[in-house]
Amino acid sequence: MRKGMFALAAAGLLAAGSMAACGDDSGGDSGTDGGASVGKVGVILPDTASSQRWSTDDPKFLKAAFDAAGVPVDIQNAQGDKSQFQTIAEGMISSGVKVLMIVNLDSGTGKAVLDKARAAGIATIDYDRLTLGGNADYYVSFDNVAVGKLQGEGLVKCLTAMKAVKPVVARLNGSPTDNNATLFKQGYDSVLDPKFASGEFVKGPDQSVPDWDNAQGGTIFEQMLTENKNIKGVLAANDGLGNAVISVLKKQGLNGKVPVTGQDATVQGLQNILVGDQCMTVYKAIQQEADAAAELAIGLAKGTRKDTGQTVTDPETKKDIPAVLLTPDPIFKDSVKDVVADGFVTKDQLCAGDFAKLCAENGVS
């Protein structure tokens with residue numbers, strides 16, 4: 001799998017960090033040597049509904065990284081509530097955190113929080129989602145245009161395998177307030193638009209889902225299918241939306257006949273792939289993302305700024321933000337086993353009950 005590649009990227013960041021630490025403060029990066037004080041880190045995650053990662057994966061991996069470094073951390077979840085997001089941030093700022101890491105619910109709320117943190121002398125990190133106009137000290141995520149491109153290529157691969165002729169393709173996009181959703185769409189549109197232009201594919205409904213809400217996604221797709229019964233492929237922006245689409249298709253006996261994409265390599269998404277209801281997903285090694293963000297936050301908590309060797313340009317301010325961008329992987333039925341091998345999902349989680357036979361048939365061990 002790409003575990004080695006992700007590890008190499010992380011190792012490169014660590015190496016860069018070590019050199020920066022030596023150059024900036026010969027003992028400050030340890031938290032104990034040279035009398036350096038270690039500040040507390042505050043982390044605000046967005047919700048627990050849009051993806052399983054926010055309720056299980058990220059909190060686990062982030063806490064483990066901070067605990068291993070001996071850096072105190074406060075991890076809270078805004079549960080999709082912008083007011084709660086701001087309340088949590090104000091509490092963390094008042095408590096004297098030295099670093100604030102956020103996954104914004106939208107750029108407006110995120111920017112307000114980052115501005116308050118900066119005014120209080122607190123370093124900031126945009127985690128997974130870039131806050132437009134926010135000017136965080138760092139941005140850590142995946143190459144999200146590449147994620148979308150893999151989704152588009154995956155849908156083309158599945159439609160081609162099914163020998164689909166001029167298939168009508170629907171797009172169910174992520175939240176319009178999430179810059180990542182914009183980047184995903186940029187990626188998959190770069191693959192699909194030429195197909196539409198050539199007449200090989202037919203452009204179908206194209207709609208965004210507020211707040212990545214899976215229930216709304218199902219309702220929106222049901223309306224799409226009612227208005228256009230010839231939909232033959234669905235670019236769903238993540239596994240949650242993909243499963244909402246599949247639930248609607250099942251009602252019409254169309255599951256497995258209409259390829260559906262996803263993202264996040266959730267247990268549910270992988271099971272949908274094994275059973276044949278989902279075409280593919282995109283695997284993002286969340287632990288590598290969490291470790292990279294924690295490494296930067298730990299440095300800031302100990303008074304060290306590290307060189308990432310990468311930047312992204314904020315489309316609003318046109319400023320370059322120091323960044324870590326990791327590489328995503330496409331996952332099809334024959335590579336579901338790789339996600340298990342990488343340790344992101346366990347065999348016990350994936351292969352429970354009726355899925356045991358499918359796991360065995362597809363080399364999951």
# chains A, B, ... in the order shown; residues from 1 in each chain; ligands from 1

$ closest_atom_pairs --of "stretch 72-107 of chain A" --to "stretch 115-129 of chain A" --cutoff "12 Å" --atoms "only C-alpha atoms" --output "CSV"
residue,atom,partner,partner_atom,distance
A:Gln86,CA,A:Lys116,CA,10.0
A:Thr87,CA,A:Lys116,CA,11.9
A:Ala89,CA,A:Ala117,CA,8.3
A:Glu90,CA,A:Lys116,CA,8.2
A:Gly91,CA,A:Ala117,CA,11.0
A:Met92,CA,A:Ala117,CA,9.2
A:Ile93,CA,A:Ala117,CA,6.4
A:Ser94,CA,A:Ala120,CA,8.9
A:Ser95,CA,A:Ala120,CA,11.1
A:Gly96,CA,A:Ile122,CA,8.4
A:Val97,CA,A:Ile122,CA,7.1
A:Lys98,CA,A:Ile122,CA,5.2
A:Val99,CA,A:Ala123,CA,4.7
A:Leu100,CA,A:Thr124,CA,4.9
A:Met101,CA,A:Ile125,CA,4.6
A:Ile102,CA,A:Asp126,CA,5.4
A:Val103,CA,A:Tyr127,CA,5.2
A:Asn104,CA,A:Arg129,CA,6.6
A:Leu105,CA,A:Arg129,CA,8.9
A:Asp106,CA,A:Arg129,CA,9.1
A:Ser107,CA,A:Arg129,CA,9.0

$ write_last_selection --atoms "N, CA and C atoms" --output "PDB file, in the first residue's frame"
ATOM      1  N   GLN A  86     -17.718  28.381  18.384  1.00  0.00           N
ATOM      2  CA  GLN A  86     -17.150  29.622  18.895  1.00  0.00           C
ATOM      3  C   GLN A  86     -17.035  29.602  20.414  1.00  0.00           C
ATOM      4  N   THR A  87     -18.016  28.995  21.082  1.00  0.00           N
ATOM      5  CA  THR A  87     -17.973  28.903  22.547  1.00  0.00           C
ATOM      6  C   THR A  87     -16.787  28.065  23.006  1.00  0.00           C
ATOM      7  N   ALA A  89     -14.038  27.553  21.349  1.00  0.00           N
ATOM      8  CA  ALA A  89     -12.818  28.308  21.050  1.00  0.00           C
ATOM      9  C   ALA A  89     -12.558  29.378  22.099  1.00  0.00           C
ATOM     10  N   GLU A  90     -13.601  30.104  22.474  1.00  0.00           N
ATOM     11  CA  GLU A  90     -13.429  31.156  23.476  1.00  0.00           C
ATOM     12  C   GLU A  90     -12.973  30.578  24.805  1.00  0.00           C
ATOM     13  N   GLY A  91     -13.519  29.406  25.158  1.00  0.00           N
ATOM     14  CA  GLY A  91     -13.098  28.749  26.389  1.00  0.00           C
ATOM     15  C   GLY A  91     -11.638  28.335  26.342  1.00  0.00           C
ATOM     16  N   MET A  92     -11.212  27.802  25.205  1.00  0.00           N
ATOM     17  CA  MET A  92      -9.813  27.384  25.065  1.00  0.00           C
ATOM     18  C   MET A  92      -8.877  28.585  25.094  1.00  0.00           C
ATOM     19  N   ILE A  93      -9.275  29.663  24.417  1.00  0.00           N
ATOM     20  CA  ILE A  93      -8.456  30.878  24.412  1.00  0.00           C
ATOM     21  C   ILE A  93      -8.343  31.447  25.819  1.00  0.00           C
ATOM     22  N   SER A  94      -9.461  31.483  26.529  1.00  0.00           N
ATOM     23  CA  SER A  94      -9.461  32.001  27.902  1.00  0.00           C
ATOM     24  C   SER A  94      -8.628  31.143  28.840  1.00  0.00           C
ATOM     25  N   SER A  95      -8.588  29.836  28.555  1.00  0.00           N
ATOM     26  CA  SER A  95      -7.835  28.920  29.427  1.00  0.00           C
ATOM     27  C   SER A  95      -6.335  29.017  29.211  1.00  0.00           C
ATOM     28  N   GLY A  96      -5.929  29.736  28.154  1.00  0.00           N
ATOM     29  CA  GLY A  96      -4.508  29.974  27.942  1.00  0.00           C
ATOM     30  C   GLY A  96      -3.795  28.948  27.083  1.00  0.00           C
ATOM     31  N   VAL A  97      -4.522  28.299  26.149  1.00  0.00           N
ATOM     32  CA  VAL A  97      -3.812  27.375  25.259  1.00  0.00           C
ATOM     33  C   VAL A  97      -2.757  28.150  24.477  1.00  0.00           C
ATOM     34  N   LYS A  98      -1.686  27.468  24.144  1.00  0.00           N
ATOM     35  CA  LYS A  98      -0.617  28.107  23.385  1.00  0.00           C
ATOM     36  C   LYS A  98      -0.803  27.903  21.887  1.00  0.00           C
ATOM     37  N   VAL A  99      -1.532  26.829  21.538  1.00  0.00           N
ATOM     38  CA  VAL A  99      -1.790  26.499  20.136  1.00  0.00           C
ATOM     39  C   VAL A  99      -3.258  26.115  19.992  1.00  0.00           C
ATOM     40  N   LEU A 100      -3.899  26.598  18.932  1.00  0.00           N
ATOM     41  CA  LEU A 100      -5.283  26.226  18.646  1.00  0.00           C
ATOM     42  C   LEU A 100      -5.340  25.598  17.259  1.00  0.00           C
ATOM     43  N   MET A 101      -5.819  24.365  17.198  1.00  0.00           N
ATOM     44  CA  MET A 101      -5.978  23.643  15.932  1.00  0.00           C
ATOM     45  C   MET A 101      -7.472  23.471  15.676  1.00  0.00           C
ATOM     46  N   ILE A 102      -7.939  23.872  14.490  1.00  0.00           N
ATOM     47  CA  ILE A 102      -9.373  23.797  14.222  1.00  0.00           C
ATOM     48  C   ILE A 102      -9.670  23.084  12.900  1.00  0.00           C
ATOM     49  N   VAL A 103     -10.831  22.433  12.851  1.00  0.00           N
ATOM     50  CA  VAL A 103     -11.452  22.007  11.600  1.00  0.00           C
ATOM     51  C   VAL A 103     -12.709  22.855  11.472  1.00  0.00           C
ATOM     52  N   ASN A 104     -12.678  23.860  10.619  1.00  0.00           N
ATOM     53  CA  ASN A 104     -13.778  24.824  10.596  1.00  0.00           C
ATOM     54  C   ASN A 104     -15.078  24.217  10.090  1.00  0.00           C
ATOM     55  N   LEU A 105     -16.187  24.794  10.546  1.00  0.00           N
ATOM     56  CA  LEU A 105     -17.507  24.448  10.024  1.00  0.00           C
ATOM     57  C   LEU A 105     -17.835  25.287   8.792  1.00  0.00           C
ATOM     58  N   ASP A 106     -17.288  26.477   8.748  1.00  0.00           N
ATOM     59  CA  ASP A 106     -17.292  27.316   7.549  1.00  0.00           C
ATOM     60  C   ASP A 106     -16.180  28.333   7.737  1.00  0.00           C
ATOM     61  N   SER A 107     -15.787  28.979   6.653  1.00  0.00           N
ATOM     62  CA  SER A 107     -14.640  29.888   6.753  1.00  0.00           C
ATOM     63  C   SER A 107     -14.939  31.128   7.579  1.00  0.00           C
TER      64      SER A 107
END

$ select_by_dssp --residues "stretch 265-308 of chain A" --states "alpha helix (DSSP H)" --output "PyMOL selection string"
chain A and resi 267-275+286-301

$ closest_residue --among "A:Lys357, A:Lys163, A:Arg53, A:Lys232" --to "A:Asn77" --atoms "only C-alpha atoms"
A:Arg53

$ select_by_dssp --residues "stretch 139-357 of chain A" --states "strand (DSSP E)" --output "ChimeraX atom specification"
/A:139-142,168-173,202-208,231-236,281-283,311-313,320-326,329-331

$ closest_residue --among "A:Val324, A:Leu130, A:Ala293, A:Val260" --to "A:Met280" --atoms "only C-alpha atoms"
A:Val260

$ atom_distance --atom1 "atom CA of A:Leu350" --atom2 "atom CA of A:Ala78"
28.2 Å

$ closest_atom_pairs --of "stretch 209-283 of chain A" --to "stretch 131-143 of chain A" --cutoff "12 Å" --atoms "only C-alpha atoms" --output "JSON lines"
{"residue": "A:Asp264", "atom": "CA", "partner": "A:Phe142", "partner_atom": "CA", "distance": 11.4}
{"residue": "A:Val282", "atom": "CA", "partner": "A:Phe142", "partner_atom": "CA", "distance": 11.1}
{"residue": "A:Tyr283", "atom": "CA", "partner": "A:Phe142", "partner_atom": "CA", "distance": 10.4}

$ residues_around --residues "A:Gln223" --least-positions-apart "4" --cutoff "12 Å" --atoms "only C-alpha atoms" --output "MDAnalysis selection string"
chainID A and resid 170 172 205:207 216:219 227:229 231 245 248:249

$ atom_distance --atom1 "atom CA of A:Gly154" --atom2 "atom CA of A:Gly262"
9.6 Å

$ atom_distance --atom1 "atom CA of A:Thr281" --atom2 "atom CA of A:Val43"
27.2 Å

$ closest_residue --among "A:Leu326, A:Ala352, A:Ala290, A:Leu114" --to "A:Val145" --atoms "only C-alpha atoms"
A:Leu326

$ closest_residue --among "A:Glu289, A:Asp320, A:Asp348, A:Asp354" --to "A:Asp57" --atoms "only C-alpha atoms"
A:Glu289

$ closest_residue --among "A:Val275, A:Val312, A:Val156, A:Val73" --to "A:Pro194" --atoms "only C-alpha atoms"
A:Val156

$ closest_atom_pairs --of "stretch 91-196 of chain A" --to "stretch 233-241 of chain A" --cutoff "12 Å" --atoms "only C-alpha atoms" --output "Markdown table"
| residue | atom | partner | partner_atom | distance |
| --- | --- | --- | --- | --- |
| A:Asn144 | CA | A:Ala237 | CA | 11.3 |
| A:Val147 | CA | A:Ala237 | CA | 9.6 |
| A:Gly148 | CA | A:Ala237 | CA | 7.9 |
| A:Lys149 | CA | A:Leu235 | CA | 11.0 |
| A:Leu150 | CA | A:Leu235 | CA | 11.0 |
| A:Gln151 | CA | A:Leu235 | CA | 7.2 |
| A:Gly152 | CA | A:Leu235 | CA | 7.2 |
| A:Glu153 | CA | A:Leu235 | CA | 10.3 |
| A:Gly154 | CA | A:Leu235 | CA | 9.3 |
| A:Leu155 | CA | A:Leu235 | CA | 6.9 |
| A:Val156 | CA | A:Gly233 | CA | 9.0 |
| A:Lys157 | CA | A:Gly233 | CA | 11.2 |
| A:Cys158 | CA | A:Gly233 | CA | 8.9 |
| A:Leu159 | CA | A:Gly233 | CA | 7.2 |
| A:Thr160 | CA | A:Gly233 | CA | 10.9 |
| A:Met162 | CA | A:Gly233 | CA | 10.6 |
| A:Ala164 | CA | A:Gly233 | CA | 9.3 |
| A:Val165 | CA | A:Gly233 | CA | 11.3 |
| A:Lys166 | CA | A:Gly233 | CA | 10.5 |
| A:Pro167 | CA | A:Gly233 | CA | 6.8 |
| A:Val168 | CA | A:Gly233 | CA | 6.5 |
| A:Val169 | CA | A:Gly233 | CA | 4.7 |
| A:Ala170 | CA | A:Val234 | CA | 4.8 |
| A:Arg171 | CA | A:Leu235 | CA | 4.7 |
| A:Leu172 | CA | A:Ala236 | CA | 4.8 |
| A:Asn173 | CA | A:Ala237 | CA | 5.2 |
| A:Gly174 | CA | A:Ala237 | CA | 5.7 |
| A:Ser175 | CA | A:Ala237 | CA | 9.4 |
| A:Pro176 | CA | A:Ala237 | CA | 11.8 |
| A:Asp178 | CA | A:Ala237 | CA | 12.0 |
| A:Asn180 | CA | A:Ala237 | CA | 10.3 |
| A:Ala181 | CA | A:Ala237 | CA | 7.6 |
| A:Thr182 | CA | A:Ala237 | CA | 10.4 |
| A:Leu183 | CA | A:Ala237 | CA | 10.8 |
| A:Phe184 | CA | A:Ala237 | CA | 7.4 |
| A:Lys185 | CA | A:Ala237 | CA | 8.1 |
| A:Gln186 | CA | A:Ala237 | CA | 11.6 |
| A:Gly187 | CA | A:Ala237 | CA | 11.0 |
| A:Tyr188 | CA | A:Leu235 | CA | 8.2 |
| A:Asp189 | CA | A:Leu235 | CA | 9.8 |
| A:Val191 | CA | A:Leu235 | CA | 11.3 |
| A:Leu192 | CA | A:Leu235 | CA | 9.6 |
